[in-house]
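Remarks on the structure that follows.
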Amino acid sequence: RSISVSADPLESSTRSVGQEFGSGEHFKSLKTVGHEGGKDITDNSGTDERLSSTLSMSLSPELAGIIPVLEKMQVEVFLKLMQKQLEGGKRGFFNRRPVAPQGREKYTIEDMLCFQHEPIPTSLLRMSSDLMSRAVKLFQVILRYTGVDSTAGMAPLTSIEQIELVTKLYKHTLKRAELRDELFLQISKQTHNNPDRPSLLKAWELMYLCASAMPPGKTVAAYLSEYIHNVANSQPSDPEVQSIALKTWNALKRSVKASQRRSIPAQEEIEALLSGQKLTTIVFFLDDTFEEITYDMTTTIAEAVEELAGIIKLSA
């Protein structure tokens, strides 16, 4: 039978097959460009080998996998601005004065890669000043979604408000590769050494939602794949964290293969993914018959066609 698909929530174009997970590029230099007071800040750190060796020794084993990504990050600038924020008076999220991580005065590279309550002063990755300001706003959305500092006079989010925040993240990152990488690293940061279980679970939930709609770049995807797989299979571990980490890992594999969506997921798609349910849509044929097929946020047109072919027993 000839078929014509009616207008429905499924994406109208096939997503191309992307690259498989790579191992990340070799560690190069840590030249960084930041922005402070209208002036560029450049990190003229030492040689590649010395930096790689130093950073390897300074990071915990859990964080060592991120070393190939560090060449893309503005480490020195971030640490400098974050230290300035901790020391000098810039008030924190919801007007709370910043405090150094774990009561320490020195803000380290490990702190840069781990959970924090405070907003970030600049992006984790090197990018243009315009994108840096957007990256800072992304982290504020992450803090809000995960309920960080919600006790400081902020009411818990409703389900609609949560979906609005997720949609905002999709809107600003879906078609911008640099901000997608930044977003995934920011969310990953909030899953490392997070002492607050509700916040940790919301961070993993957000990672799952983002991985289901779009992939990061090859280097970041390689790091996240290894990290998420380790969390999903580590023992002993929180069963709920393991469960969502496993779903996130599978979603990441699918999105890396299929590339990012071309349209922002609808509210019902987000709700269905969170509840573990499938949505349905109707396919109309030219002979005035129709069939119902299922889909979710990760479904591609090729997968929908394959399901439809099975329903009508159409062979190649």
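Going through the structure tokens in order, the chains are called A, B, and so on, while each chain numbers its residues from 1 and the ligands are numbered from 1 in the order shown.
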Backbone DSSP call of helix (DSSP H, G or I) for range 102-246 of chain A, listed as an mmCIF file with C-alpha atoms, in the first residue's frame:
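What ended up in selection.cif:
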data_model
loop_
_atom_site.group_PDB
_atom_site.id
_atom_site.type_symbol
_atom_site.label_atom_id
_atom_site.label_comp_id
_atom_site.auth_asym_id
_atom_site.auth_seq_id
_atom_site.Cartn_x
_atom_site.Cartn_y
_atom_site.Cartn_z
ATOM 1 C CA GLN A 102 33.898 21.793 51.889
ATOM 2 C CA GLY A 103 34.951 24.768 53.990
ATOM 3 C CA ILE A 109 40.159 22.046 39.452
ATOM 4 C CA GLU A 110 38.385 19.172 41.183
ATOM 5 C CA ASP A 111 35.887 21.680 42.611
ATOM 6 C CA MET A 112 35.383 22.957 39.065
ATOM 7 C CA SER A 129 31.847 35.897 25.097
ATOM 8 C CA ASP A 130 28.241 35.816 23.859
ATOM 9 C CA LEU A 131 28.002 32.061 24.342
ATOM 10 C CA MET A 132 29.748 32.355 27.716
ATOM 11 C CA SER A 133 26.922 34.511 29.046
ATOM 12 C CA ARG A 134 24.405 31.974 27.771
ATOM 13 C CA ALA A 135 26.370 29.167 29.414
ATOM 14 C CA VAL A 136 26.162 30.942 32.776
ATOM 15 C CA LYS A 137 22.386 31.136 32.381
ATOM 16 C CA LEU A 138 22.215 27.429 31.532
ATOM 17 C CA PHE A 139 23.764 26.605 34.889
ATOM 18 C CA GLN A 140 21.215 28.773 36.679
ATOM 19 C CA VAL A 141 18.474 26.716 35.019
ATOM 20 C CA ILE A 142 20.210 23.503 36.136
ATOM 21 C CA LEU A 143 20.404 24.776 39.722
ATOM 22 C CA ARG A 144 16.721 25.636 39.638
ATOM 23 C CA TYR A 145 15.678 22.309 38.088
ATOM 24 C CA SER A 159 5.773 19.504 36.969
ATOM 25 C CA ILE A 160 4.803 22.162 34.428
ATOM 26 C CA GLU A 161 7.577 24.472 35.659
ATOM 27 C CA GLN A 162 10.094 21.644 35.382
ATOM 28 C CA ILE A 163 9.060 20.954 31.796
ATOM 29 C CA GLU A 164 9.342 24.660 30.998
ATOM 30 C CA LEU A 165 12.920 24.668 32.310
ATOM 31 C CA VAL A 166 13.835 21.580 30.285
ATOM 32 C CA THR A 167 12.279 23.141 27.190
ATOM 33 C CA LYS A 168 14.364 26.260 27.773
ATOM 34 C CA LEU A 169 17.529 24.137 27.828
ATOM 35 C CA TYR A 170 16.486 22.415 24.591
ATOM 36 C CA LYS A 171 15.726 25.753 22.949
ATOM 37 C CA HIS A 172 19.160 27.198 23.688
ATOM 38 C CA THR A 173 21.288 24.119 22.981
ATOM 39 C CA ALA A 177 26.999 22.223 19.400
ATOM 40 C CA GLU A 178 29.215 24.287 21.743
ATOM 41 C CA LEU A 179 26.375 24.877 24.184
ATOM 42 C CA ARG A 180 25.331 21.210 24.025
ATOM 43 C CA ASP A 181 28.805 20.187 25.171
ATOM 44 C CA GLU A 182 28.700 22.865 27.856
ATOM 45 C CA LEU A 183 25.272 21.733 29.063
ATOM 46 C CA PHE A 184 26.286 18.087 29.383
ATOM 47 C CA LEU A 185 29.451 18.993 31.290
ATOM 48 C CA GLN A 186 27.510 21.278 33.620
ATOM 49 C CA ILE A 187 24.970 18.547 34.398
ATOM 50 C CA SER A 188 27.750 15.997 34.822
ATOM 51 C CA LYS A 189 29.406 18.383 37.276
ATOM 52 C CA GLN A 190 26.269 18.331 39.433
ATOM 53 C CA THR A 191 26.287 14.509 39.579
ATOM 54 C CA ARG A 197 20.241 12.796 47.158
ATOM 55 C CA PRO A 198 17.105 14.569 45.832
ATOM 56 C CA SER A 199 19.306 17.034 43.937
ATOM 57 C CA LEU A 200 21.481 14.182 42.654
ATOM 58 C CA LEU A 201 18.457 12.297 41.318
ATOM 59 C CA LYS A 202 17.141 15.428 39.601
ATOM 60 C CA ALA A 203 20.553 16.003 38.008
ATOM 61 C CA TRP A 204 20.541 12.457 36.614
ATOM 62 C CA GLU A 205 16.958 12.919 35.445
ATOM 63 C CA LEU A 206 18.002 16.063 33.591
ATOM 64 C CA MET A 207 20.953 14.227 32.049
ATOM 65 C CA TYR A 208 18.541 11.535 30.839
ATOM 66 C CA LEU A 209 16.193 14.102 29.291
ATOM 67 C CA CYS A 210 19.041 15.846 27.471
ATOM 68 C CA ALA A 211 20.710 12.634 26.279
ATOM 69 C CA SER A 212 17.373 11.464 24.866
ATOM 70 C CA ALA A 213 17.017 14.525 22.637
ATOM 71 C CA LYS A 218 32.548 13.201 20.102
ATOM 72 C CA THR A 219 35.087 13.977 22.836
ATOM 73 C CA VAL A 220 32.494 14.830 25.482
ATOM 74 C CA ALA A 221 30.359 11.839 24.435
ATOM 75 C CA ALA A 222 33.323 9.502 24.919
ATOM 76 C CA TYR A 223 33.912 10.824 28.423
ATOM 77 C CA LEU A 224 30.217 10.724 29.371
ATOM 78 C CA SER A 225 29.737 7.239 27.941
ATOM 79 C CA GLU A 226 32.479 5.839 30.156
ATOM 80 C CA TYR A 227 31.397 7.819 33.216
ATOM 81 C CA ILE A 228 27.688 6.986 32.928
ATOM 82 C CA HIS A 229 28.429 3.316 32.212
ATOM 83 C CA ASN A 230 30.601 3.144 35.326
ATOM 84 C CA VAL A 231 27.876 4.691 37.473
ATOM 85 C CA ALA A 232 25.243 2.340 36.049
ATOM 86 C CA ASN A 233 27.378 -0.713 36.834
ATOM 87 C CA PRO A 239 19.748 1.473 42.895
ATOM 88 C CA GLU A 240 17.691 4.477 41.776
ATOM 89 C CA VAL A 241 20.774 6.308 40.526
ATOM 90 C CA GLN A 242 21.952 3.155 38.751
ATOM 91 C CA SER A 243 18.577 2.719 37.064
ATOM 92 C CA ILE A 244 18.432 6.226 35.616
ATOM 93 C CA ALA A 245 22.139 6.112 34.722
ATOM 94 C CA LEU A 246 21.517 2.954 32.687
#
Option closest in space to Ile264 in chain A, from A:Tyr295, A:Phe284, A:Lys175, A:Lys84 [counting only C-alpha atoms]: A:Lys175
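Taking CA of Val256 in chain A and CA of Pro215 in chain A as the two end points, the separation is 5.2 Å.
The shell of residues at most 9 Å from Pro265 in chain A, with only C-alpha atoms counted and near chain neighbours (fewer than 2 positions) removed, consists of Pro9, Thr167, Tyr170, Ala213, Arg261, Ser263, Gln267, Glu268, Glu269, Ile270 and Met297 of chain A.
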